[in-house]
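Student: Following this line is work.tsv, made up of TSV, C-alpha atoms:
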chain	number	residue	atom	x	y	z
A	1	MET	CA	0.00	0.00	0.00
A	2	THR	CA	1.28	3.46	-0.92
A	3	LEU	CA	2.07	5.78	1.99
A	4	ASP	CA	-0.48	8.62	2.00
A	5	ILE	CA	1.12	12.04	2.51
A	6	GLY	CA	-1.40	13.97	0.45
A	7	ARG	CA	-1.10	15.13	-3.13
A	8	VAL	CA	0.97	18.29	-2.61
A	9	GLY	CA	3.69	19.34	-0.19
A	10	VAL	CA	6.10	22.24	0.35
A	11	TRP	CA	9.86	21.89	-0.25
A	12	SER	CA	11.65	24.76	1.42
A	13	VAL	CA	15.16	25.90	2.29
A	14	GLU	CA	13.63	28.64	4.45
A	15	LEU	CA	11.90	26.12	6.71
A	16	ARG	CA	15.35	25.00	7.80
A	17	THR	CA	17.42	28.18	7.70
A	18	ALA	CA	15.17	31.06	8.80
A	19	ALA	CA	14.80	32.33	12.35
A	20	PRO	CA	13.09	29.79	14.65
A	21	GLY	CA	10.04	31.99	15.23
A	22	GLU	CA	9.52	32.52	11.51
A	23	ILE	CA	9.82	28.79	10.90
A	24	ALA	CA	7.29	27.97	13.61
A	25	ASP	CA	4.74	30.48	12.34
A	26	ALA	CA	5.12	29.39	8.73
A	27	ALA	CA	4.97	25.66	9.46
A	28	ALA	CA	1.84	26.06	11.59
A	29	GLU	CA	0.13	27.99	8.81
A	30	LEU	CA	1.18	25.48	6.15
A	31	ASP	CA	-0.37	22.75	8.29
A	32	GLU	CA	-3.61	24.74	8.50
A	33	LEU	CA	-3.54	25.33	4.74
A	34	GLY	CA	-3.72	21.59	4.19
A	35	PHE	CA	-0.36	20.67	2.68
A	36	GLY	CA	0.44	17.00	3.16
A	37	ALA	CA	4.17	17.23	3.83
A	38	LEU	CA	7.00	19.65	4.54
A	39	TRP	CA	10.33	18.83	2.89
A	40	ILE	CA	13.57	20.46	4.07
A	41	PRO	CA	16.99	20.05	2.42
A	42	GLY	CA	19.26	17.72	4.34
A	43	LEU	CA	22.42	17.24	2.32
A	44	GLY	CA	24.43	19.93	4.11
A	45	GLY	CA	24.61	18.08	7.40
A	46	GLY	CA	23.79	19.79	10.67
A	47	ASP	CA	21.17	18.78	13.20
A	48	ILE	CA	18.57	17.39	10.81
A	49	VAL	CA	16.71	15.57	13.61
A	50	GLY	CA	16.42	18.79	15.60
A	51	ASP	CA	15.25	20.69	12.53
A	52	LEU	CA	12.58	18.07	11.84
A	53	GLU	CA	11.41	18.27	15.44
A	54	ARG	CA	11.05	22.02	15.16
A	55	LEU	CA	8.47	21.42	12.43
A	56	LEU	CA	6.76	18.53	14.17
A	57	GLU	CA	6.17	20.38	17.42
A	58	VAL	CA	4.17	23.18	15.76
A	59	THR	CA	2.13	21.03	13.38
A	60	ARG	CA	-0.54	18.41	13.92
A	61	GLY	CA	-1.14	16.18	10.94
A	62	LEU	CA	1.35	16.62	8.14
A	63	THR	CA	4.49	14.58	7.45
A	64	VAL	CA	7.99	16.06	7.65
A	65	ALA	CA	10.93	14.82	5.61
A	66	PRO	CA	14.56	15.70	4.97
A	67	ALA	CA	15.06	15.86	1.23
A	68	VAL	CA	17.47	14.31	1.60
A	69	SER	CA	19.90	13.32	4.39
A	70	SER	CA	23.38	12.46	3.18
A	71	ILE	CA	24.40	8.99	4.25
A	72	TRP	CA	27.97	10.32	4.64
A	73	ARG	CA	27.07	13.19	6.97
A	74	HIS	CA	24.48	11.38	9.11
A	75	PRO	CA	25.55	8.03	10.60
A	76	ALA	CA	22.89	5.33	10.58
A	77	LYS	CA	23.05	5.06	14.36
A	78	GLU	CA	22.28	8.78	14.70
A	79	LEU	CA	19.35	8.77	12.30
A	80	ALA	CA	17.82	5.56	13.64
A	81	ALA	CA	17.91	6.86	17.20
A	82	GLY	CA	16.57	10.25	16.12
A	83	HIS	CA	13.78	8.70	14.12
A	84	ALA	CA	12.78	6.49	17.05
A	85	ARG	CA	12.68	9.50	19.37
A	86	LEU	CA	10.61	11.60	16.96
A	87	THR	CA	8.10	8.87	16.21
A	88	GLY	CA	7.76	8.16	19.92
A	89	ALA	CA	6.91	11.79	20.55
A	90	TYR	CA	4.94	12.71	17.41
A	91	GLY	CA	3.75	9.48	15.85
A	92	ASP	CA	4.38	8.25	12.30
A	93	ARG	CA	4.88	11.68	10.80
A	94	VAL	CA	8.54	11.39	9.76
A	95	LEU	CA	9.56	10.18	6.32
A	96	LEU	CA	13.32	9.75	6.38
A	97	GLY	CA	14.87	10.80	3.08
A	98	LEU	CA	18.30	9.38	2.24
A	99	GLY	CA	20.77	10.19	-0.52
A	100	VAL	CA	24.29	9.16	-1.54
A	101	SER	CA	25.45	12.74	-2.29
A	102	ASP	CA	28.41	12.83	-4.68
A	103	PRO	CA	31.94	11.45	-5.05
A	104	GLY	CA	33.48	14.48	-3.37
A	105	THR	CA	31.37	14.11	-0.24
A	106	ALA	CA	32.14	10.39	-0.03
A	107	ALA	CA	35.87	11.12	-0.41
A	108	GLU	CA	35.69	13.72	2.38
A	109	HIS	CA	34.54	10.93	4.66
A	110	GLY	CA	37.18	8.46	3.49
A	111	HIS	CA	35.04	6.34	1.18
A	112	GLU	CA	35.19	5.30	-2.43
A	113	TYR	CA	31.98	6.34	-4.17
A	114	ARG	CA	29.87	3.32	-5.12
A	115	PRO	CA	26.29	4.66	-4.95
A	116	LEU	CA	24.26	1.48	-5.09
A	117	HIS	CA	26.61	-0.46	-2.80
A	118	ASP	CA	26.88	2.49	-0.42
A	119	MET	CA	23.13	2.93	-0.05
A	120	ALA	CA	22.52	-0.80	0.37
A	121	ALA	CA	25.21	-0.95	3.07
A	122	TYR	CA	23.68	2.03	4.86
A	123	LEU	CA	20.25	0.39	4.81
A	124	ASP	CA	21.87	-2.71	6.30
A	125	GLU	CA	23.26	-0.53	9.10
A	126	LEU	CA	19.82	0.95	9.76
A	127	ASP	CA	18.32	-2.54	9.90
A	128	ALA	CA	20.92	-3.59	12.47
A	129	GLU	CA	20.13	-0.78	14.91
A	130	PRO	CA	18.21	-1.60	18.12
A	131	GLU	CA	15.30	0.50	16.83
A	132	PRO	CA	15.49	0.13	13.03
A	133	VAL	CA	13.56	2.44	10.74
A	134	ALA	CA	10.70	0.61	9.03
A	135	ALA	CA	11.15	0.40	5.27
A	136	GLU	CA	7.91	2.28	4.58
A	137	ARG	CA	9.28	5.28	6.55
A	138	LEU	CA	12.30	5.57	4.23
A	139	ILE	CA	12.44	7.35	0.89
A	140	LEU	CA	15.49	7.40	-1.38
A	141	ALA	CA	16.80	10.10	-3.68
A	142	ALA	CA	16.75	7.64	-6.57
A	143	MET	CA	16.72	8.56	-10.26
A	144	GLY	CA	18.57	5.81	-12.11
A	145	PRO	CA	16.93	2.39	-12.59
A	146	LYS	CA	19.25	0.49	-10.23
A	147	MET	CA	18.71	2.88	-7.31
A	148	VAL	CA	14.97	2.94	-8.02
A	149	GLY	CA	15.06	-0.86	-7.90
A	150	LEU	CA	16.76	-0.73	-4.51
A	151	ALA	CA	14.08	1.67	-3.28
A	152	ARG	CA	11.39	-0.71	-4.51
A	153	ARG	CA	12.91	-3.58	-2.54
A	154	ARG	CA	14.02	-1.85	0.63
A	155	ALA	CA	12.30	1.52	1.09
A	156	GLY	CA	8.92	3.19	0.94
A	157	GLY	CA	9.57	4.97	-2.34
A	158	THR	CA	11.61	7.65	-4.11
A	159	HIS	CA	12.01	11.42	-4.10
A	160	PRO	CA	13.56	12.34	-7.47
A	161	PHE	CA	15.01	15.81	-8.09
A	162	LEU	CA	14.97	17.78	-11.38
A	163	VAL	CA	12.63	15.56	-13.33
A	164	ALA	CA	9.98	16.28	-15.94
A	165	PRO	CA	6.52	14.67	-15.72
A	166	ASP	CA	7.47	12.02	-18.27
A	167	TYR	CA	9.99	10.74	-15.75
A	168	SER	CA	7.18	10.02	-13.31
A	169	ALA	CA	5.80	7.49	-15.79
A	170	THR	CA	9.23	5.85	-16.14
A	171	ALA	CA	9.76	5.73	-12.39
A	172	ARG	CA	6.30	4.30	-11.75
A	173	GLY	CA	7.05	1.52	-14.20
A	174	LEU	CA	10.23	0.69	-12.29
A	175	LEU	CA	8.67	0.99	-8.82
A	176	GLY	CA	5.48	-0.90	-9.49
A	177	ALA	CA	2.15	-0.10	-7.91
A	178	GLY	CA	3.07	0.09	-4.24
A	179	PRO	CA	5.92	2.48	-3.35
A	180	LEU	CA	5.55	6.24	-2.94
A	181	LEU	CA	6.74	8.42	-5.83
A	182	ALA	CA	7.15	12.02	-4.66
A	183	PRO	CA	9.05	14.18	-7.16
A	184	TYR	CA	10.48	17.61	-6.42
A	185	GLN	CA	9.01	20.38	-8.56
A	186	ALA	CA	10.44	23.90	-8.77
A	187	VAL	CA	7.73	26.54	-9.30
A	188	THR	CA	7.37	30.28	-9.72
A	189	LEU	CA	4.14	32.21	-10.04
A	190	GLU	CA	5.86	34.68	-12.34
A	191	ARG	CA	3.87	35.04	-15.57
A	192	ASP	CA	6.52	36.72	-17.72
A	193	PRO	CA	8.51	33.98	-19.53
A	194	ALA	CA	11.88	35.74	-19.37
A	195	LYS	CA	11.55	36.62	-15.68
A	196	ALA	CA	10.26	33.15	-14.80
A	197	ARG	CA	13.13	31.39	-16.57
A	198	ALA	CA	15.65	33.75	-14.98
A	199	ALA	CA	14.25	32.90	-11.54
A	200	GLY	CA	14.48	29.20	-12.31
A	201	ARG	CA	18.02	29.40	-13.61
A	202	GLY	CA	19.06	31.36	-10.53
A	203	PHE	CA	18.44	28.27	-8.41
A	204	LEU	CA	18.65	25.34	-10.83
A	205	ALA	CA	21.52	26.11	-13.20
A	206	GLY	CA	24.17	24.99	-10.70
A	207	PHE	CA	22.62	21.54	-10.57
A	208	PHE	CA	22.77	21.08	-14.35
A	209	GLY	CA	26.53	20.55	-14.15
A	210	ALA	CA	26.47	18.11	-11.22
A	211	PRO	CA	27.34	14.61	-12.52
A	212	ALA	CA	24.34	12.75	-11.09
A	213	TYR	CA	21.77	15.30	-12.26
A	214	ARG	CA	23.51	15.74	-15.60
A	215	LYS	CA	23.34	11.99	-16.18
A	216	SER	CA	19.69	11.91	-15.17
A	217	LEU	CA	18.73	14.80	-17.45
A	218	LEU	CA	20.53	13.25	-20.41
A	219	ALA	CA	18.70	9.98	-19.71
A	220	GLN	CA	15.43	11.93	-19.77
A	221	GLY	CA	16.14	12.97	-23.36
A	222	PHE	CA	17.86	16.32	-22.96
A	223	THR	CA	21.09	17.07	-24.82
A	224	GLU	CA	24.45	18.53	-23.95
A	225	ALA	CA	23.28	21.71	-25.67
A	226	ASP	CA	20.29	21.85	-23.30
A	227	LEU	CA	22.65	21.69	-20.33
A	228	ALA	CA	24.97	24.48	-21.51
A	229	GLU	CA	24.91	28.13	-20.42
A	230	GLY	CA	22.54	27.75	-17.51
A	231	GLY	CA	20.11	25.47	-19.32
A	232	SER	CA	18.07	25.87	-22.49
A	233	ASP	CA	14.52	27.23	-22.40
A	234	ARG	CA	13.33	23.70	-23.22
A	235	LEU	CA	15.12	22.25	-20.21
A	236	VAL	CA	14.13	25.02	-17.82
A	237	ASP	CA	10.49	24.83	-18.90
A	238	SER	CA	10.52	21.07	-18.30
A	239	VAL	CA	11.86	21.16	-14.73
A	240	LEU	CA	10.35	24.51	-13.69
A	241	ALA	CA	6.59	25.11	-13.57
A	242	TRP	CA	5.87	28.80	-14.09
A	243	GLY	CA	2.89	31.05	-14.71
A	244	ASP	CA	-0.44	31.46	-12.98
A	245	ILE	CA	-1.94	28.99	-10.53
A	246	ASP	CA	-3.67	27.11	-13.35
A	247	ALA	CA	-0.33	26.55	-15.09
A	248	ILE	CA	1.24	25.26	-11.88
A	249	GLY	CA	-1.81	23.06	-11.27
A	250	LYS	CA	-1.47	21.61	-14.75
A	251	ARG	CA	2.13	20.59	-14.06
A	252	VAL	CA	1.18	18.99	-10.76
A	253	ALA	CA	-1.62	17.11	-12.49
A	254	GLU	CA	0.78	15.88	-15.17
A	255	HIS	CA	3.04	14.33	-12.53
A	256	LEU	CA	0.08	12.72	-10.76
A	257	GLN	CA	-1.48	11.43	-13.96
A	258	THR	CA	1.78	9.85	-15.11
A	259	GLY	CA	2.50	7.99	-11.89
A	260	ALA	CA	3.44	10.30	-9.01
A	261	ASP	CA	1.57	10.12	-5.70
A	262	HIS	CA	2.73	13.44	-4.29
A	263	VAL	CA	4.52	16.54	-5.64
A	264	ALA	CA	6.87	18.60	-3.45
A	265	LEU	CA	6.61	22.23	-4.58
A	266	HIS	CA	9.62	24.52	-4.19
A	267	VAL	CA	8.94	28.23	-4.75
A	268	VAL	CA	11.98	29.82	-6.42
A	269	GLY	CA	12.60	33.46	-7.23
A	270	GLY	CA	10.26	34.63	-4.49
A	271	GLY	CA	12.74	37.05	-2.92
A	272	ASP	CA	14.09	36.96	0.61
A	273	GLY	CA	12.19	35.36	3.48
A	274	MET	CA	9.30	32.95	3.62
A	275	PRO	CA	7.26	32.90	0.39
A	276	MET	CA	3.98	32.79	2.34
A	277	PRO	CA	1.91	34.62	-0.31
A	278	GLN	CA	2.90	32.06	-2.93
A	279	TRP	CA	2.32	29.14	-0.55
A	280	ARG	CA	-1.16	30.42	0.25
A	281	GLU	CA	-1.94	30.61	-3.45
A	282	LEU	CA	-0.59	27.10	-4.05
A	283	ALA	CA	-2.45	25.55	-1.12
A	284	GLY	CA	-5.60	24.81	-3.10
A	285	LEU	CA	-3.71	22.49	-5.42
A	286	GLY	CA	-3.73	19.80	-2.74
A	287	GLN	CA	-7.49	19.58	-3.00
A	288	SER	CA	-7.84	20.04	-6.76
A	289	ALA	CA	-4.90	17.98	-8.10
A	290	GLY	CA	-5.29	14.47	-9.39
Kindly present the structure from the file in structure tokens form.

Tutor:
Amino acid sequence: MTLDIGRVGVWSVELRTAAPGEIADAAAELDELGFGALWIPGLGGGDIVGDLERLLEVTRGLTVAPAVSSIWRHPAKELAAGHARLTGAYGDRVLLGLGVSDPGTAAEHGHEYRPLHDMAAYLDELDAEPEPVAAERLILAAMGPKMVGLARRRAGGTHPFLVAPDYSATARGLLGAGPLLAPYQAVTLERDPAKARAAGRGFLAGFFGAPAYRKSLLAQGFTEADLAEGGSDRLVDSVLAWGDIDAIGKRVAEHLQTGADHVALHVVGGGDGMPMPQWRELAGLGQSAG
């Protein structure tokens, strides 16, 4: 059975990095607005368990998830114990996102980079802990077929980054009917094409050169030319949903109709601080999508 975290969630850097009071107020309102999950970036290390708890303690029903925790920066013992503590205090509202980062991060921690082997070994470590994390409470940052296959066998699903809706169909075929498929989706409510694409490139262009994302985008049918100079319009328009609320809703619906269960929306180009006006406008998509 697929884990139910609602149709639409919020992916936010601000919900991890802003002042504690701002985070608390925003998270409580997002809960009231009806979003199914809050996703916070986890690859940079730090106290991810504490940051998750900060969201849990001011919300009532939604799920919180790091998207995603680096297996090199967060030992299995630490995450298993943290997950057990959080679920004991707040119930089954934590979805533990895991990722293998990149070769440089693995090297920093004295490891050769073997993504599939590394993730499988980390899952073995989690299973060996006194309070292991149940498979359905794990979600992997999987994009390639082998990592998606590992997620199908040993986790609750996948959280792919920088994917077009067509990818959701491919991933669903690899996952089968049961696991959760919850893609990241960058969005901006900017209606002017040039301004919208500039906002998207401001956040996304740096990822286009990263080896794992580059490989994934090429596998999705984009070309080296698409990846050059901050990304072609075709590429940006495929991984960024922009325009009015109907245009954003159409993109969410495309993911859901092609196999996704949930879409994590990241507002980009919204200026400094919490993008509460945009989140309020996007909130209705959770009820109307799918």

Student: With only C-alpha atoms as the counted atoms, please give the residues lying no more than 7 Å from Gly259 in chain A, apart from itself and same-chain residues fewer than 2 positions off, as a ChimeraX atom specification.

Tutor: /A:168-169,172,255-257,261

Student: Centre and edge lengths of an axis-aligned box around all listed atoms of range 252-256 of chain A, with 3 Å added on each side, are to be given in Å to one decimal, as AutoDock Vina command-line options.

Tutor:
--center_x 0.7 --center_y 15.9 --center_z -13.0 --size_x 10.7 --size_y 12.3 --size_z 10.4

Student: Pick from A:Ala182, A:Ala27, A:Gly202, A:Glu131: nearest to Gly82 in chain A, with only C-alpha atoms counted?

Tutor: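 Of A:Ala182, A:Ala27, A:Gly202, A:Glu131, the one nearest Gly82 in chain A is A:Glu131, counting only C-alpha atoms.
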
Student: With a cut-off of 9 Å, could you pull out the residues of range 134-191 of chain A touching range 210-222 of chain A and give me the nearest pair of atoms for each, distance in Å to one decimal, using only C-alpha atoms, ordered by chain and ascending number, as a tab-separated table?

Tutor:
residue	atom	partner	partner_atom	distance
A:Met143	CA	A:Ser216	CA	6.6
A:Gly144	CA	A:Ser216	CA	6.9
A:Phe161	CA	A:Tyr213	CA	8.0
A:Leu162	CA	A:Tyr213	CA	7.3
A:Val163	CA	A:Leu217	CA	7.4
A:Ala164	CA	A:Gln220	CA	8.0
A:Asp166	CA	A:Gln220	CA	8.1
A:Tyr167	CA	A:Gln220	CA	6.9

Student: Go ahead and find all residues with at least one atom no further than 8 Å from (14.8, 24.2, -15.8) in the file's coordinates, using all atoms listed in the file; report them as a list in words.

Tutor: Leu162, Arg197, Gly200, Arg201, Leu204, Ala205, Gly231, Ser232, Asp233, Arg234, Leu235, Val236, Asp237, Ser238, Val239 and Leu240 of chain A

Student: Mind pulling up the distance from CA of Val64 in chain A to CA of Val94 in chain A?

Tutor: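 Between CA of Val94 in chain A and CA of Val64 in chain A the gap is 5.2 Å.
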
Student: Is there a way to get, as number ranges by chain, all residues within 12 Å of the point (21.1, 0.5, -1.6) in file coordinates, counting all atoms listed in the file?

Tutor: A: 71, 98-100, 114-126, 138-142, 145-155

Student: Choose the residue, out of A:Pro193, A:Gly61, A:Gly209, A:Pro179, that has the smallest atom-to-atom separation from Gly243 in chain A; count all atoms listed in the file.

Tutor: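 With all atoms listed in the file as the atom set, the closest residue is A:Pro193.
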
Student: Go ahead and compute the interatomic distance for CA of Thr17 in chain A and CA of Ala67 in chain A, in Å to one decimal.

Tutor: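 These atoms are spaced 14.1 Å apart.
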
Student: So what do you get for CA of Arg137 in chain A versus CA of Arg73 in chain A, distance-wise?

Tutor: 19.5 Å

Student: Residues within 8 Å of Tyr113 in chain A, please, as a PyMOL selection string. Count only C-alpha atoms; anything in the same chain fewer than 3 positions from it doesn't count.

Tutor: chain A and resi 102-103+106-107+118

Student: Which neighbours of Ala26 in chain A fall inside 10 Å, counting all atoms listed in the file, when residues of the same chain fewer than 4 positions from it are skipped, and could you give them as a PyMOL selection string?

Tutor: chain A and resi 14-15+20-22+30-32+55+58+274-276+279

Student: Which polymer residues have any atom within 10 Å of an atom of Phe35 in chain A, counting all atoms listed in the file, with same-chain residues fewer than 4 positions away left out, as a PDB file with C-alpha atoms, in the frame of the given file?

Tutor:
ATOM      1  CA  ILE A   5       1.120  12.040   2.510  1.00  0.00           C
ATOM      2  CA  GLY A   6      -1.400  13.970   0.450  1.00  0.00           C
ATOM      3  CA  ARG A   7      -1.100  15.130  -3.130  1.00  0.00           C
ATOM      4  CA  VAL A   8       0.970  18.290  -2.610  1.00  0.00           C
ATOM      5  CA  GLY A   9       3.690  19.340  -0.190  1.00  0.00           C
ATOM      6  CA  VAL A  10       6.100  22.240   0.350  1.00  0.00           C
ATOM      7  CA  ALA A  27       4.970  25.660   9.460  1.00  0.00           C
ATOM      8  CA  GLU A  29       0.130  27.990   8.810  1.00  0.00           C
ATOM      9  CA  LEU A  30       1.180  25.480   6.150  1.00  0.00           C
ATOM     10  CA  ASP A  31      -0.370  22.750   8.290  1.00  0.00           C
ATOM     11  CA  GLY A  61      -1.140  16.180  10.940  1.00  0.00           C
ATOM     12  CA  LEU A  62       1.350  16.620   8.140  1.00  0.00           C
ATOM     13  CA  THR A  63       4.490  14.580   7.450  1.00  0.00           C
ATOM     14  CA  ALA A 264       6.870  18.600  -3.450  1.00  0.00           C
ATOM     15  CA  TRP A 279       2.320  29.140  -0.550  1.00  0.00           C
ATOM     16  CA  LEU A 282      -0.590  27.100  -4.050  1.00  0.00           C
ATOM     17  CA  ALA A 283      -2.450  25.550  -1.120  1.00  0.00           C
ATOM     18  CA  GLY A 284      -5.600  24.810  -3.100  1.00  0.00           C
ATOM     19  CA  LEU A 285      -3.710  22.490  -5.420  1.00  0.00           C
ATOM     20  CA  GLY A 286      -3.730  19.800  -2.740  1.00  0.00           C
ATOM     21  CA  GLN A 287      -7.490  19.580  -3.000  1.00  0.00           C
TER      22      GLN A 287
END

Student: Kindly indicate which residue among A:Trp72, A:Phe207, A:Tyr184, A:Trp11 lies nearest to Ser101 in chain A, using all atoms listed in the file for the distances.

Tutor: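 Closest residue, counting all atoms listed in the file: A:Trp72.
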
Student: Closest to Leu3 in chain A among A:Glu254, A:Asp92, A:Asp246, A:Glu224, using all atoms listed in the file?

Tutor: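 So, comparing all the options, the nearest one is A:Asp92.
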
Student: Hey, which of A:Asp4, A:Glu53, A:Asp192, A:Glu229 ends up closest to Thr87 in chain A? Count all atoms listed in the file.

Tutor: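 Of all the options, A:Glu53 lies closest to Thr87 in chain A.
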
Student: How would range 206-214 of chain A look with all heavy atoms restored, written as a PDB file, in the coordinates of the input?

Tutor:
ATOM      1  N   GLY A 206      23.025  25.643 -11.327  1.00  0.00           N
ATOM      2  CA  GLY A 206      24.170  24.990 -10.700  1.00  0.00           C
ATOM      3  C   GLY A 206      24.049  23.482 -10.650  1.00  0.00           C
ATOM      4  O   GLY A 206      25.059  22.765 -10.653  1.00  0.00           O
ATOM      5  N   PHE A 207      22.817  22.988 -10.619  1.00  0.00           N
ATOM      6  CA  PHE A 207      22.620  21.540 -10.570  1.00  0.00           C
ATOM      7  C   PHE A 207      22.834  20.883 -11.934  1.00  0.00           C
ATOM      8  O   PHE A 207      23.114  19.692 -12.003  1.00  0.00           O
ATOM      9  CB  PHE A 207      21.204  21.215 -10.080  1.00  0.00           C
ATOM     10  CG  PHE A 207      20.960  21.597  -8.648  1.00  0.00           C
ATOM     11  CD1 PHE A 207      20.305  22.774  -8.341  1.00  0.00           C
ATOM     12  CD2 PHE A 207      21.392  20.788  -7.604  1.00  0.00           C
ATOM     13  CE1 PHE A 207      20.075  23.145  -7.031  1.00  0.00           C
ATOM     14  CE2 PHE A 207      21.178  21.147  -6.289  1.00  0.00           C
ATOM     15  CZ  PHE A 207      20.513  22.335  -5.994  1.00  0.00           C
ATOM     16  N   PHE A 208      22.677  21.670 -13.016  1.00  0.00           N
ATOM     17  CA  PHE A 208      22.770  21.080 -14.350  1.00  0.00           C
ATOM     18  C   PHE A 208      24.168  20.533 -14.630  1.00  0.00           C
ATOM     19  O   PHE A 208      24.336  19.653 -15.473  1.00  0.00           O
ATOM     20  CB  PHE A 208      22.387  22.105 -15.419  1.00  0.00           C
ATOM     21  CG  PHE A 208      20.947  22.561 -15.353  1.00  0.00           C
ATOM     22  CD1 PHE A 208      20.563  23.763 -15.923  1.00  0.00           C
ATOM     23  CD2 PHE A 208      19.980  21.787 -14.743  1.00  0.00           C
ATOM     24  CE1 PHE A 208      19.244  24.187 -15.881  1.00  0.00           C
ATOM     25  CE2 PHE A 208      18.660  22.200 -14.685  1.00  0.00           C
ATOM     26  CZ  PHE A 208      18.288  23.413 -15.257  1.00  0.00           C
ATOM     27  N   GLY A 209      25.183  21.045 -13.942  1.00  0.00           N
ATOM     28  CA  GLY A 209      26.530  20.550 -14.150  1.00  0.00           C
ATOM     29  C   GLY A 209      26.950  19.445 -13.197  1.00  0.00           C
ATOM     30  O   GLY A 209      28.010  18.845 -13.376  1.00  0.00           O
ATOM     31  N   ALA A 210      26.136  19.168 -12.183  1.00  0.00           N
ATOM     32  CA  ALA A 210      26.470  18.110 -11.220  1.00  0.00           C
ATOM     33  C   ALA A 210      26.343  16.750 -11.905  1.00  0.00           C
ATOM     34  O   ALA A 210      25.341  16.488 -12.584  1.00  0.00           O
ATOM     35  CB  ALA A 210      25.532  18.192 -10.022  1.00  0.00           C
ATOM     36  N   PRO A 211      27.330  15.866 -11.745  1.00  0.00           N
ATOM     37  CA  PRO A 211      27.340  14.610 -12.520  1.00  0.00           C
ATOM     38  C   PRO A 211      26.067  13.790 -12.428  1.00  0.00           C
ATOM     39  O   PRO A 211      25.539  13.325 -13.450  1.00  0.00           O
ATOM     40  CB  PRO A 211      28.533  13.861 -11.941  1.00  0.00           C
ATOM     41  CG  PRO A 211      29.447  14.934 -11.453  1.00  0.00           C
ATOM     42  CD  PRO A 211      28.558  16.012 -10.931  1.00  0.00           C
ATOM     43  N   ALA A 212      25.517  13.601 -11.224  1.00  0.00           N
ATOM     44  CA  ALA A 212      24.340  12.750 -11.090  1.00  0.00           C
ATOM     45  C   ALA A 212      23.122  13.350 -11.791  1.00  0.00           C
ATOM     46  O   ALA A 212      22.376  12.654 -12.492  1.00  0.00           O
ATOM     47  CB  ALA A 212      24.021  12.518  -9.608  1.00  0.00           C
ATOM     48  N   TYR A 213      22.930  14.658 -11.626  1.00  0.00           N
ATOM     49  CA  TYR A 213      21.770  15.300 -12.260  1.00  0.00           C
ATOM     50  C   TYR A 213      21.973  15.424 -13.759  1.00  0.00           C
ATOM     51  O   TYR A 213      21.025  15.288 -14.540  1.00  0.00           O
ATOM     52  CB  TYR A 213      21.527  16.671 -11.634  1.00  0.00           C
ATOM     53  CG  TYR A 213      21.199  16.583 -10.159  1.00  0.00           C
ATOM     54  CD1 TYR A 213      21.950  17.273  -9.216  1.00  0.00           C
ATOM     55  CD2 TYR A 213      20.160  15.781  -9.704  1.00  0.00           C
ATOM     56  CE1 TYR A 213      21.671  17.178  -7.862  1.00  0.00           C
ATOM     57  CE2 TYR A 213      19.867  15.673  -8.351  1.00  0.00           C
ATOM     58  CZ  TYR A 213      20.627  16.378  -7.439  1.00  0.00           C
ATOM     59  OH  TYR A 213      20.336  16.267  -6.103  1.00  0.00           O
ATOM     60  N   ARG A 214      23.208  15.676 -14.166  1.00  0.00           N
ATOM     61  CA  ARG A 214      23.510  15.740 -15.600  1.00  0.00           C
ATOM     62  C   ARG A 214      23.180  14.397 -16.265  1.00  0.00           C
ATOM     63  O   ARG A 214      22.526  14.353 -17.312  1.00  0.00           O
ATOM     64  CB  ARG A 214      24.983  16.093 -15.785  1.00  0.00           C
ATOM     65  CG  ARG A 214      25.361  16.438 -17.210  1.00  0.00           C
ATOM     66  CD  ARG A 214      26.831  16.840 -17.294  1.00  0.00           C
ATOM     67  NE  ARG A 214      27.120  17.435 -18.593  1.00  0.00           N
ATOM     68  CZ  ARG A 214      26.995  18.720 -18.853  1.00  0.00           C
ATOM     69  NH1 ARG A 214      26.605  19.547 -17.903  1.00  0.00           N
ATOM     70  NH2 ARG A 214      27.269  19.190 -20.059  1.00  0.00           N
TER      71      ARG A 214
END
